[in-house]
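Text of data.txt (compact mmCIF, C-alpha atoms) as supplied:
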# COMPACT_ATOMS: atom_id res chain seq x y z
CA MET A 6 -63.38 79.82 -64.51
CA ASP A 7 -63.35 81.62 -61.16
CA SER A 8 -66.12 81.61 -58.62
CA ILE A 9 -66.27 84.97 -56.88
CA GLN A 10 -68.66 85.63 -54.02
CA ILE A 11 -69.59 88.99 -52.57
CA ALA A 12 -71.73 89.91 -49.56
CA ILE A 13 -73.69 93.15 -49.37
CA ARG A 14 -75.32 94.74 -46.36
CA LEU A 15 -76.91 98.02 -45.40
CA LYS A 16 -74.73 100.67 -43.79
CA THR A 17 -77.51 101.30 -41.30
CA PRO A 18 -79.23 98.68 -39.11
CA ASP A 19 -81.18 96.36 -41.40
CA PRO A 20 -84.94 96.52 -40.67
CA GLN A 21 -85.33 92.94 -41.92
CA ALA A 22 -82.78 91.71 -39.41
CA VAL A 23 -84.39 93.73 -36.62
CA THR A 24 -87.81 92.24 -37.41
CA ALA A 25 -86.35 88.74 -37.70
CA LEU A 26 -84.61 89.03 -34.33
CA ASN A 27 -87.86 90.18 -32.72
CA ALA A 28 -89.69 87.24 -34.28
CA ILE A 29 -87.02 84.86 -33.01
CA ARG A 30 -87.29 86.25 -29.47
CA ALA A 31 -91.04 85.65 -29.59
CA MET A 32 -90.34 81.99 -30.40
CA ARG A 33 -88.82 81.46 -26.92
CA LEU A 34 -85.97 79.28 -28.13
CA GLN A 35 -83.51 77.60 -25.81
CA LEU A 36 -80.73 79.76 -27.18
CA PRO A 37 -81.76 82.75 -29.29
CA PRO A 38 -78.95 84.60 -31.04
CA LEU A 39 -77.81 87.86 -29.49
CA LYS A 40 -77.35 89.53 -32.85
CA LEU A 41 -78.53 88.91 -36.37
CA GLN A 42 -77.17 90.17 -39.68
CA ARG A 43 -78.61 89.96 -43.14
CA HIS A 44 -76.55 90.11 -46.34
CA ASP A 45 -77.34 89.78 -50.02
CA LEU A 46 -75.01 87.16 -51.40
CA TRP A 47 -74.02 87.17 -55.08
CA GLU A 48 -71.89 84.41 -56.52
CA PHE A 49 -70.41 85.07 -59.97
CA GLU A 50 -68.83 82.50 -62.26
CA VAL A 51 -66.44 84.62 -64.35
CA SER A 52 -64.45 83.39 -67.32
CA SER A 53 -61.71 86.00 -66.97
CA GLY A 54 -60.61 88.92 -64.83
CA GLY A 55 -61.43 87.35 -61.46
CA ARG A 56 -62.15 89.83 -58.68
CA ASN A 57 -61.34 92.79 -60.92
CA ALA A 58 -64.10 91.82 -63.33
CA VAL A 59 -66.58 91.58 -60.48
CA SER A 60 -65.49 94.93 -59.01
CA GLU A 61 -65.94 96.53 -62.42
CA LEU A 62 -69.43 95.23 -63.01
CA ILE A 63 -70.53 96.23 -59.50
CA GLY A 64 -69.49 99.77 -60.33
CA HIS A 65 -71.91 99.74 -63.28
CA PHE A 66 -75.10 98.62 -61.52
CA THR A 67 -76.52 100.30 -58.44
CA ASP A 68 -79.20 97.58 -58.46
CA ILE A 69 -76.55 95.17 -57.19
CA VAL A 70 -74.74 97.53 -54.83
CA ASN A 71 -76.01 101.02 -54.08
CA PRO A 72 -72.93 102.69 -52.57
CA ASN A 73 -75.06 105.38 -50.96
CA LYS A 74 -76.63 102.91 -48.59
CA GLN A 75 -74.75 99.61 -48.86
CA LEU A 76 -71.35 98.13 -48.09
CA TRP A 77 -69.92 95.16 -49.94
CA LEU A 78 -66.92 92.89 -49.64
CA PHE A 79 -65.52 89.70 -51.10
CA THR A 80 -66.26 86.73 -48.89
CA GLY A 81 -63.60 84.30 -47.77
CA LYS A 82 -61.93 82.90 -44.70
CA ASP A 83 -61.33 86.37 -43.30
CA PHE A 84 -64.99 87.36 -43.72
CA SER A 85 -65.77 89.95 -41.08
CA LEU A 86 -67.18 93.42 -41.08
CA ALA A 87 -65.94 96.65 -39.59
CA GLY A 88 -67.47 97.18 -36.17
CA GLU A 89 -68.39 93.51 -35.77
CA ASP A 90 -68.52 92.47 -32.14
CA PRO A 91 -65.31 90.47 -31.39
CA GLU A 92 -66.98 88.79 -28.43
CA LEU A 93 -69.36 86.88 -30.67
CA GLN A 94 -69.07 83.74 -32.74
CA TRP A 95 -71.11 83.65 -35.91
CA VAL A 96 -73.01 80.88 -37.63
CA GLY A 97 -74.59 81.56 -41.01
CA ILE A 98 -77.26 80.06 -43.23
CA VAL A 99 -77.77 80.74 -46.92
CA VAL A 100 -81.32 80.81 -48.34
CA ARG A 101 -81.85 80.33 -52.06
CA ASP A 102 -84.94 79.99 -54.23
CA TYR A 103 -85.01 76.70 -56.12
CA VAL A 104 -86.03 78.63 -59.21
CA ASP A 105 -84.71 82.15 -59.24
CA SER A 106 -85.60 84.62 -61.96
CA VAL A 107 -83.32 87.29 -60.44
CA SER A 108 -80.25 85.15 -61.11
CA GLU A 109 -81.45 84.12 -64.58
CA ASN A 110 -82.24 87.65 -65.68
CA TRP A 111 -79.03 89.17 -64.28
CA THR A 112 -76.96 86.49 -65.98
CA ASP A 113 -78.59 87.35 -69.32
CA LEU A 114 -78.18 91.09 -68.75
CA LEU A 115 -74.49 90.91 -67.80
CA LYS A 116 -73.70 88.64 -70.75
CA ARG A 117 -75.44 91.03 -73.14
CA ARG A 118 -73.46 93.93 -71.70
CA GLY A 119 -70.20 92.09 -72.42
CA PHE A 120 -69.10 91.23 -68.88
CA PRO A 121 -67.21 87.90 -68.59
CA VAL A 122 -69.95 86.34 -66.44
CA GLU A 123 -71.00 82.79 -67.29
CA SER A 124 -73.60 82.59 -64.55
CA LEU A 125 -74.50 84.08 -61.21
CA ARG A 126 -76.57 83.07 -58.23
CA TYR A 127 -78.38 85.39 -55.84
CA SER A 128 -79.14 84.30 -52.31
CA VAL A 129 -79.54 85.71 -48.82
CA LEU A 130 -77.09 85.12 -45.98
CA TRP A 131 -78.35 85.30 -42.40
CA ARG A 132 -75.67 85.34 -39.69
CA PHE A 133 -76.49 84.57 -36.09
CA GLY A 134 -74.21 85.96 -33.39
CA TYR A 135 -73.70 83.95 -30.18
CA LEU A 136 -71.36 84.47 -27.26
CA LYS A 137 -67.88 83.11 -28.00
CA ASP A 138 -67.97 80.41 -25.33
CA THR A 139 -71.29 78.94 -26.53
CA ASP A 140 -71.12 75.32 -27.62
CA GLU A 141 -70.64 75.42 -31.41
CA ALA A 142 -72.77 72.35 -32.04
CA LEU A 143 -75.60 73.98 -30.13
CA THR A 144 -75.37 77.21 -32.14
CA LYS A 145 -75.57 75.18 -35.34
CA LYS A 146 -78.59 73.28 -34.08
CA MET A 147 -80.32 76.55 -33.21
CA ALA A 148 -79.52 77.97 -36.65
CA LEU A 149 -80.90 74.84 -38.27
CA ASP A 150 -84.08 75.01 -36.18
CA LEU A 151 -84.57 78.60 -37.30
CA SER A 152 -83.84 78.02 -40.93
CA VAL A 153 -86.95 76.28 -42.31
CA SER A 154 -90.61 77.27 -41.80
CA ASN A 155 -92.12 73.80 -41.76
CA THR A 156 -94.95 75.10 -39.61
CA ARG A 157 -96.50 78.47 -38.84
CA ALA A 158 -94.79 78.59 -35.45
CA GLY A 159 -91.59 76.83 -36.48
CA GLY A 160 -88.52 78.08 -38.33
CA LEU A 161 -88.48 81.43 -40.02
CA PHE A 162 -86.05 81.99 -42.83
CA SER A 163 -87.13 79.78 -45.73
CA ASN A 164 -90.27 78.24 -47.17
CA PRO A 165 -89.41 74.54 -47.64
CA VAL A 166 -91.52 74.27 -50.80
CA SER A 167 -89.74 76.97 -52.79
CA GLN A 168 -86.38 77.51 -51.08
CA GLU A 169 -83.30 75.59 -50.00
CA VAL A 170 -81.02 76.28 -47.06
CA SER A 171 -77.38 75.47 -46.43
CA PHE A 172 -74.89 76.33 -43.73
CA TRP A 173 -72.57 79.10 -44.77
CA ILE A 174 -68.95 78.23 -44.28
CA MET B 20 -127.02 91.87 -41.67
CA PRO B 21 -124.06 89.46 -41.80
CA ARG B 22 -120.73 90.83 -40.62
CA ALA B 23 -117.24 90.59 -42.10
CA ALA B 24 -113.96 91.45 -40.39
CA VAL B 25 -111.17 92.93 -42.49
CA ILE B 26 -107.90 92.42 -40.64
CA ARG B 27 -105.28 95.12 -41.03
CA PHE B 28 -101.61 94.34 -40.38
CA PRO B 29 -98.90 97.01 -40.34
CA GLY B 30 -98.32 97.55 -44.06
CA SER B 31 -101.74 96.44 -45.30
CA ASN B 32 -102.98 98.97 -47.83
CA CYS B 33 -106.21 97.65 -49.33
CA GLU B 34 -108.36 97.44 -46.21
CA PHE B 35 -110.60 100.44 -46.95
CA GLU B 36 -111.61 99.47 -50.47
CA THR B 37 -112.06 95.86 -49.37
CA ALA B 38 -114.39 96.90 -46.55
CA ARG B 39 -116.22 99.24 -48.91
CA VAL B 40 -116.96 96.59 -51.55
CA LEU B 41 -118.16 94.20 -48.85
CA ARG B 42 -120.56 96.89 -47.61
CA ASN B 43 -121.70 97.53 -51.18
CA SER B 44 -122.48 93.82 -51.36
CA GLY B 45 -124.79 93.97 -48.36
CA ILE B 46 -122.34 92.87 -45.68
CA ASP B 47 -121.50 94.91 -42.60
CA ALA B 48 -117.70 95.09 -42.86
CA ARG B 49 -115.43 96.45 -40.13
CA ILE B 50 -111.68 96.87 -40.05
CA TYR B 51 -109.74 95.40 -37.13
CA ASN B 52 -106.08 96.02 -36.39
CA TRP B 53 -103.82 93.01 -35.98
CA ASN B 54 -103.46 93.77 -32.26
CA ASP B 55 -107.18 94.31 -31.68
CA ILE B 56 -107.68 90.67 -30.79
CA GLU B 57 -109.93 91.13 -27.79
CA ARG B 58 -112.42 93.33 -29.64
CA LEU B 59 -112.59 90.88 -32.53
CA SER B 60 -112.76 87.89 -30.25
CA ASP B 61 -115.77 89.44 -28.48
CA ASN B 62 -117.43 90.28 -31.81
CA ARG B 63 -116.86 87.26 -34.01
CA ALA B 64 -117.69 87.89 -37.65
CA ASP B 65 -119.43 85.70 -40.21
CA ALA B 66 -116.49 86.03 -42.60
CA TYR B 67 -112.90 87.27 -42.51
CA VAL B 68 -110.75 88.98 -45.12
CA LEU B 69 -106.98 89.48 -45.06
CA PRO B 70 -106.49 92.39 -47.48
CA GLY B 71 -103.65 93.16 -49.85
CA GLY B 72 -100.58 95.24 -49.14
CA PHE B 73 -97.16 94.63 -47.68
CA SER B 74 -97.67 93.34 -44.16
CA PHE B 75 -94.56 94.02 -42.09
CA GLN B 76 -92.98 95.42 -45.26
CA ASP B 77 -92.63 91.86 -46.63
CA ARG B 78 -89.60 91.47 -44.36
CA ILE B 79 -87.87 88.07 -44.53
CA ARG B 80 -90.57 86.71 -46.85
CA ALA B 81 -94.00 88.05 -47.82
CA GLY B 82 -96.60 87.06 -45.24
CA VAL B 83 -94.35 85.13 -42.88
CA ILE B 84 -94.37 87.61 -39.99
CA ALA B 85 -98.11 88.27 -40.14
CA ALA B 86 -98.73 84.52 -40.16
CA ARG B 87 -97.19 84.33 -36.68
CA GLU B 88 -99.28 87.09 -35.16
CA SER B 89 -101.68 86.09 -32.39
CA ILE B 90 -104.70 87.30 -34.36
CA MET B 91 -104.02 84.48 -36.81
CA ASP B 92 -104.80 82.03 -33.99
CA LEU B 93 -108.34 83.43 -34.07
CA VAL B 94 -108.48 83.26 -37.87
CA PHE B 95 -107.17 79.70 -37.66
CA GLU B 96 -109.91 78.75 -35.21
CA GLU B 97 -112.62 80.33 -37.36
CA ALA B 98 -111.28 78.60 -40.47
CA VAL B 99 -111.41 75.23 -38.79
CA ASN B 100 -115.00 76.06 -37.72
CA GLY B 101 -115.89 76.55 -41.39
CA LYS B 102 -116.19 80.34 -41.52
CA PRO B 103 -115.38 81.87 -44.94
CA ILE B 104 -111.86 83.31 -45.00
CA LEU B 105 -110.41 85.20 -47.99
CA GLY B 106 -106.81 86.30 -48.41
CA ILE B 107 -106.20 88.75 -51.25
CA CYS B 108 -102.64 89.09 -52.56
CA ASN B 109 -100.59 89.70 -49.40
CA GLY B 110 -103.47 88.14 -47.49
CA ALA B 111 -103.05 85.04 -49.66
CA GLN B 112 -99.35 84.97 -48.81
CA VAL B 113 -100.28 85.10 -45.11
CA LEU B 114 -102.71 82.20 -45.52
CA LEU B 115 -100.09 80.01 -47.22
CA GLU B 116 -97.43 80.86 -44.65
CA SER B 117 -100.00 80.07 -41.92
CA GLY B 118 -100.56 76.58 -43.30
CA LEU B 119 -104.30 77.23 -43.75
CA VAL B 120 -104.04 76.69 -47.51
CA PRO B 121 -103.87 74.06 -48.92
CA GLY B 122 -104.21 72.88 -45.33
CA TRP B 123 -103.70 69.13 -45.71
CA LYS B 124 -102.21 69.34 -42.24
CA PRO B 125 -103.41 72.70 -40.89
CA GLY B 126 -100.51 74.74 -39.58
CA SER B 127 -97.94 73.04 -41.81
CA VAL B 128 -96.49 75.07 -44.65
CA GLN B 129 -97.21 72.96 -47.74
CA ALA B 130 -97.18 75.45 -50.61
CA ALA B 131 -95.38 78.66 -51.45
CA LEU B 132 -95.95 81.93 -53.22
CA ALA B 133 -92.51 82.38 -54.72
CA GLY B 134 -91.00 85.22 -56.72
CA ASN B 135 -92.58 85.87 -60.11
CA LEU B 136 -91.03 83.96 -62.97
CA ALA B 137 -91.47 85.56 -66.37
CA PRO B 138 -89.17 85.76 -69.37
CA GLY B 139 -86.78 88.69 -69.03
CA ARG B 140 -88.58 90.11 -66.02
CA SER B 141 -88.03 89.97 -62.28
CA GLY B 142 -89.86 91.41 -59.34
CA TYR B 143 -93.10 93.34 -59.20
CA LEU B 144 -95.72 92.94 -61.91
CA SER B 145 -98.99 94.78 -62.27
CA GLY B 146 -101.64 94.56 -64.96
CA TRP B 147 -104.91 92.89 -65.86
CA ILE B 148 -105.32 89.16 -66.37
CA HIS B 149 -108.27 86.84 -66.95
CA LEU B 150 -109.48 84.25 -64.47
CA LYS B 151 -111.88 81.36 -64.55
CA ALA B 152 -113.28 79.29 -61.71
CA ALA B 153 -112.76 75.57 -61.29
CA PRO B 154 -116.20 73.83 -61.37
CA GLU B 155 -115.55 72.01 -58.09
CA ALA B 156 -114.66 75.31 -56.43
CA VAL B 157 -117.94 76.92 -57.54
CA GLU B 158 -119.77 74.12 -55.75
CA LYS B 159 -118.01 74.40 -52.42
CA CYS B 160 -116.26 77.76 -52.06
CA PRO B 161 -118.36 80.57 -50.53
CA TRP B 162 -116.23 83.14 -52.34
CA LEU B 163 -116.86 81.60 -55.78
CA CYS B 164 -120.36 80.12 -55.50
CA ALA B 165 -122.00 82.76 -57.75
CA MET B 166 -119.46 82.35 -60.56
CA ASN B 167 -120.10 80.57 -63.84
CA GLU B 168 -117.76 79.36 -66.56
CA GLU B 169 -117.26 82.84 -68.03
CA PRO B 170 -113.75 84.30 -67.54
CA ILE B 171 -113.45 87.59 -65.68
CA PRO B 172 -110.74 90.25 -65.96
CA VAL B 173 -109.14 91.24 -62.63
CA PRO B 174 -105.98 93.22 -61.82
CA ILE B 175 -102.83 91.73 -60.33
CA ALA B 176 -100.06 93.57 -58.50
CA HIS B 177 -97.40 91.47 -56.83
CA ALA B 178 -93.76 90.39 -56.77
CA GLU B 179 -94.25 87.02 -55.10
CA GLY B 180 -97.32 85.44 -56.65
CA ARG B 181 -96.07 82.21 -58.19
CA PHE B 182 -97.92 79.27 -56.64
CA VAL B 183 -95.41 76.47 -56.10
CA PHE B 184 -96.06 72.94 -54.86
CA ARG B 185 -93.93 69.90 -54.18
CA GLU B 186 -93.90 67.51 -57.12
CA GLU B 187 -95.48 64.75 -55.05
CA ASP B 188 -98.40 67.08 -54.22
CA LEU B 189 -99.31 68.04 -57.79
CA ASP B 190 -102.09 65.45 -58.06
CA ARG B 191 -103.81 66.22 -54.79
CA VAL B 192 -103.55 69.96 -55.26
CA MET B 193 -105.87 69.76 -58.29
CA SER B 194 -108.96 69.54 -56.08
CA HIS B 195 -107.85 72.69 -54.22
CA ILE B 196 -107.70 74.97 -57.25
CA GLY B 197 -110.17 77.83 -56.96
CA LEU B 198 -109.26 80.04 -59.91
CA THR B 199 -106.85 79.67 -62.79
CA TYR B 200 -105.33 82.20 -65.14
CA CYS B 201 -106.76 81.94 -68.66
CA GLY B 202 -107.02 83.71 -71.98
CA VAL B 203 -109.77 86.23 -72.69
CA ASP B 204 -111.86 83.37 -74.16
CA GLY B 205 -111.21 81.05 -71.22
CA SER B 206 -108.55 79.04 -73.03
CA ALA B 207 -105.35 77.86 -71.35
CA PRO B 208 -102.87 80.74 -71.03
CA HIS B 209 -99.81 78.79 -72.29
CA GLY B 210 -97.35 80.75 -70.18
CA TRP B 211 -96.67 84.47 -69.98
CA PRO B 212 -98.49 86.89 -70.23
CA GLY B 213 -101.73 84.94 -69.65
CA ASN B 214 -100.08 83.27 -66.69
CA PRO B 215 -98.25 86.37 -65.47
CA ASN B 216 -96.01 84.90 -62.78
CA GLY B 217 -95.23 81.30 -63.75
CA SER B 218 -97.65 79.71 -61.26
CA LEU B 219 -97.70 75.93 -61.45
CA LEU B 220 -100.93 74.59 -62.99
CA ASP B 221 -101.82 78.23 -63.83
CA VAL B 222 -103.20 78.62 -60.30
CA ALA B 223 -104.42 82.10 -59.36
CA ALA B 224 -106.36 81.10 -56.24
CA LEU B 225 -106.08 78.08 -53.99
CA MET B 226 -108.48 76.85 -51.32
CA ASN B 227 -108.44 74.40 -48.44
CA ALA B 228 -110.14 71.00 -48.65
CA ASP B 229 -113.48 72.29 -47.31
CA GLY B 230 -113.40 75.27 -49.66
CA ASN B 231 -114.08 77.89 -46.97
CA VAL B 232 -110.56 79.35 -47.06
CA LEU B 233 -109.46 80.94 -50.34
CA ALA B 234 -106.04 82.46 -51.06
CA MET B 235 -106.16 84.53 -54.25
CA MET B 236 -103.41 86.66 -55.76
CA PRO B 237 -105.52 88.91 -58.05
CA HIS B 238 -107.40 91.89 -56.57
CA PRO B 239 -111.19 91.57 -57.08
CA GLU B 240 -111.81 94.67 -54.96
CA ARG B 241 -110.04 96.69 -57.65
CA SER B 242 -112.49 95.59 -60.34
CA PHE B 243 -115.68 95.82 -58.30
CA HIS B 244 -117.11 98.61 -60.49
CA LEU B 245 -117.44 98.58 -64.27
CA TRP B 246 -115.68 101.96 -64.46
CA GLN B 247 -112.53 100.29 -63.11
CA VAL B 248 -112.24 98.11 -66.23
CA PRO B 249 -109.77 99.68 -68.70
CA PRO B 250 -111.54 100.93 -71.86
CA ASP B 251 -109.15 98.96 -74.06
CA MET B 252 -109.87 95.64 -72.32
CA GLN B 253 -110.53 92.78 -74.76
CA GLY B 254 -113.61 90.59 -74.49
CA PRO B 255 -117.17 91.05 -73.24
CA TRP B 256 -116.24 93.09 -70.16
CA GLY B 257 -114.31 95.51 -72.33
CA ASP B 258 -117.26 95.72 -74.74
CA MET B 259 -119.59 96.44 -71.82
CA ARG B 260 -117.24 99.13 -70.54
CA ARG B 261 -116.96 100.81 -73.95
CA ASN B 262 -120.71 100.65 -74.62
CA SER B 263 -121.77 102.06 -71.25
CA SER B 264 -122.99 105.57 -70.68
CA MET B 265 -121.49 107.62 -67.88
CA LYS B 266 -124.57 106.85 -65.77
CA ASP B 267 -124.20 103.10 -66.36
CA LEU B 268 -120.58 103.26 -65.36
CA GLU B 269 -121.56 104.67 -62.00
CA ASP B 270 -124.04 101.91 -61.30
CA GLN B 271 -122.84 98.79 -63.03
CA PRO B 272 -120.91 96.11 -61.15
CA GLY B 273 -117.51 95.15 -62.49
CA PRO B 274 -116.10 91.67 -62.96
CA GLY B 275 -114.56 91.41 -59.47
CA ALA B 276 -117.90 92.03 -57.77
CA ILE B 277 -118.80 88.37 -58.25
CA ILE B 278 -116.37 87.33 -55.49
CA PHE B 279 -118.18 89.48 -52.92
CA LYS B 280 -121.62 88.73 -54.34
CA SER B 281 -120.75 85.06 -53.90
CA LEU B 282 -120.15 85.64 -50.20
CA ALA B 283 -123.37 87.63 -49.94
CA LYS B 284 -125.27 84.77 -51.59
CA TYR B 285 -123.62 82.26 -49.26
CA LEU B 286 -124.55 84.36 -46.19
CA GLY B 287 -128.14 84.76 -47.37
CA VAL B 288 -128.10 88.45 -48.25
CA GLU B 289 -131.22 89.31 -50.27

Rewrite the structure of this file - the entire thing - as C-alpha cells.
Amino acid sequence: MDSIQIAIRLKTPDPQAVTALNAIRAMRLQLPPLKLQRHDLWEFEVSSGGRNAVSELIGHFTDIVNPNKQLWLFTGKDFSLAGEDPELQWVGIVVRDYVDSVSENWTDLLKRRGFPVESLRYSVLWRFGYLKDTDEALTKKMALDLSVSNTRAGGLFSNPVSQEVSFWI
Amino acid sequence: MPRAAVIRFPGSNCEFETARVLRNSGIDARIYNWNDIERLSDNRADAYVLPGGFSFQDRIRAGVIAARESIMDLVFEEAVNGKPILGICNGAQVLLESGLVPGWKPGSVQAALAGNLAPGRSGYLSGWIHLKAAPEAVEKCPWLCAMNEEPIPVPIAHAEGRFVFREEDLDRVMSHIGLTYCGVDGSAPHGWPGNPNGSLLDVAALMNADGNVLAMMPHPERSFHLWQVPPDMQGPWGDMRRNSSMKDLEDQPGPGAIIFKSLAKYLGVE
C-alpha cells in the first residue's frame, strides 16, 4: 500500500488566500506572514500503481484538478512551486474536518470506478511565508496562533469543534 | 412601529426578501451595510437579522470573516443587552463563528456548522424539510414565541449546515435547541432525508442561554407566503396550498411567517 499526496492550487492568485492575509493583517500580530498560499491536499492510499495510478485518476476527474485553472504536484521533501519566492521560508498547517463526507464519497466513487484506491483524505494546506532569517520557532508559534479559531478575534483557519490542525512537514 | 436592522455583508443575498417579510409583519425593517456602523450605531434597532447568502464568498470557512467585522461588535453588544438577534443560514454561521451561539462564554467558538453529511452526497443541498420548535424555546425565544407543536415546512439551501458540538457539551446543548428537523407528522427524522445534513441531535436552530439570539439554517423568509409552498408538499400545509384559490394564495401566510410573527408579537405589534 502506497500513500501518495498531491497539492493543488490555483494558477491565479487565490482569493481565499488574499482574504485570509488581509484578515491576518487586521489581527495586528507580532509577526504576520509576508505571503500566504492555499492548497487543496489529497492523500490517496493506493493498493497498486503508485504515482501512476494517482496521475491516471486525476486525469479522469476535473472535480479534483481542473487543468484550466489549477496546478498540481506530488508533495515531498522537494515541495516547492514555480515562481515561489526564494527569499522566504515557509511553514504550513493542514486543516481537516473530523468527519469529512468529501473524502468518504470520493473513496466510494473511485472504488466503484475501478481505481486502486483504498481510501483518500481531503484537507486544506495553508503555507505562511516569512523572511528567511526569521527565527523558525517564532514562525511556528505564529502559525499555531493563527491556526485555531478559539475565539471570534483569535485564530482563523479552523473551527476547533469540527476540525483538526497539524503542522505540515 | 418597532424597527429591525438587516445587516448586509459582501455576498449576502437574502437581505431584500428578509426586510420585506419583516415589513409585512408590521416591523419597520431597514438594510444596513456591514461598513455602515456609524449610521446603525446612531439608530439602534429593536431587533437585528443577519440574512442568508455567502458573506465574503465563504472564504476560509463560512461566516468566519464576517464574524470579525466591526459591525459584529455592535451586534454583540445588542445581544448581551437582550435584543432579539436572528441569523438565517449564512447569518447563523456568522453567529456561531462569533461565539454568540450557544454563547456559554460569549465570544468563544463552542459549536460549528460543518459540511453536510449525507449518504452518497457532498456539498450544497437545497429542498424542503419540516421543523418543530422545542417547548422551552417557545417560552423564551422571541423568534419562536408564536409557534405551537405543529411542524412547519421550510426550505433549506446550504453546504455547511451540520450543527456539531463537542461530546462533553451534548447535555448542556439540549436547553439551547430552538428548532429540530422532523418528519411531516412531527416524528423524529431518523437520519437523511428528514435530517438533511447530519446535524447532531437533529438541530436546525440553536439559541443562546437567554433565548434572544437564534441561529437557524432553514430559510423562513422563503416560505413566508402560502404560494411559496410547493403544490406537492405532504401534510396540512400542502393540503392548504392545494385547496386554496388564486386569491387565497395571494393573501395567505405561509409556514415561515410564524418566525416573523413571533417577533412582531414579542415587540407588541398589534

Excluding same-chain residues fewer than 6 positions from region 157-172 of chain B, what lies within 6 Å of it counting all atoms listed in the file, as a ChimeraX atom specification? /B:148-151,205,230-231,274,278,281-282,285

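Distances from B:Arg140, B:His177, B:Lys124, B:Arg63 to Asn109 (chain B) were compared using all atoms listed in the file, and the smallest one belongs to B:His177.
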
Set the distance at 6 Å and use all atoms listed in the file: which residues neighbour Gln271 (chain B) once local chain neighbours fewer than 2 positions away are removed? I'd like the list as a PDB file with C-alpha atoms, in the coordinates of the input.
ATOM      1  CA  LEU B 245    -117.440  98.580 -64.270  1.00  0.00           C
ATOM      2  CA  ASP B 267    -124.200 103.100 -66.360  1.00  0.00           C
ATOM      3  CA  LEU B 268    -120.580 103.260 -65.360  1.00  0.00           C
TER       4      LEU B 268
END

Which residue of A:Val23, A:Leu78, A:Ala28, A:Val104 approaches Val83 (chain B) most closely, using all atoms listed in the file: A:Ala28

Distance filter 8 Å, all atoms listed in the file, chain B against chain A, as a ChimeraX atom specification: /B:78-80,83-84,86-87,116-118,126-137,139-142,183-185

Could you jot down the CA of Gln94 (chain A) to CA of Phe49 (chain A) separation for me, Å, one decimal place?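 Pair CA of Gln94 (chain A) / CA of Phe49 (chain A) returns 27.3 Å.
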
I'd like to know which of A:Met6, A:Ile63, A:Val96, A:Leu115 is closest to Asp140 (chain A), using all atoms listed in the file. A:Val96

How many Å lie between CA of Trp246 (chain B) and CA of Ser206 (chain B), rounded to one decimal?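 CA of Trp246 (chain B) sits 25.5 Å away from CA of Ser206 (chain B).
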
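One distance worth recording is that between CA of Arg27 (chain B) and CA of Glu240 (chain B), which is 15.4 Å.
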
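Distances to Ser52 (chain A) were evaluated for A:Gly160, A:Pro121, A:Gly134, A:Pro18 using all atoms listed in the file, and the minimum falls at A:Pro121.
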
Using all atoms listed in the file for the distances, tell me which of A:Arg117, A:Ile9, A:Thr139, A:Gly97 is nearest to Gly54 (chain A).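 Between A:Arg117, A:Ile9, A:Thr139, A:Gly97, the residue approaching Gly54 (chain A) most closely is A:Ile9.
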
What are the centre and edge lengths in Å, to one decimal, of the axis-aligned box around all listed atoms of region 178-181 of chain B with 6 Å added on each side, as lines of an AutoDock Vina configuration file?
center_x = -95.5
center_y = 86.3
center_z = -56.6
size_x = 15.6
size_y = 20.2
size_z = 15.1

Hey, what's within 6 Å of Ser242 (chain B) if we count all atoms listed in the file and toss same-chain stuff fewer than 6 positions away? As an NGL selection string, please? :B and (173 or 273-275)

Restricting the calculation to only C-alpha atoms: of B:Ser218, B:Asn227, B:Asn62, B:Asn52, which residue gets closest to Ala85 (chain B)? B:Asn52

If we count only C-alpha atoms and set the cut-off at 12 Å, which residues sit around His238 (chain B), ignoring sequence neighbours fewer than 6 positions away in its own chain? Please answer as a PyMOL selection string. chain B and resi 33-34+36-37+40+69-72+105-111+145-150+171-177+180+223-224+247+274-276+278-279

Counting all atoms listed in the file, I want the residues whose atoms come within 6 Å of (-76.3, 94.6, -45.2) in the file frame, returned as a list of chain:residue names.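 All residues meeting the 6 Å criterion around (-76.3, 94.6, -45.2) are A:Ile13, A:Arg14, A:Leu15, A:Arg43, A:His44.
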
Around the point (-66.6, 85.6, -26.5) in the file's coordinates, collect all residues with an atom within 10 Å, using all atoms listed in the file, and return them as a PyMOL selection string. chain A and resi 90-94+135-139

Shell around Gly210 (chain B) at 10 Å using all atoms listed in the file, local window under 2 positions removed, as a ChimeraX atom specification: /B:137-138,200-201,207-208,212-219,221
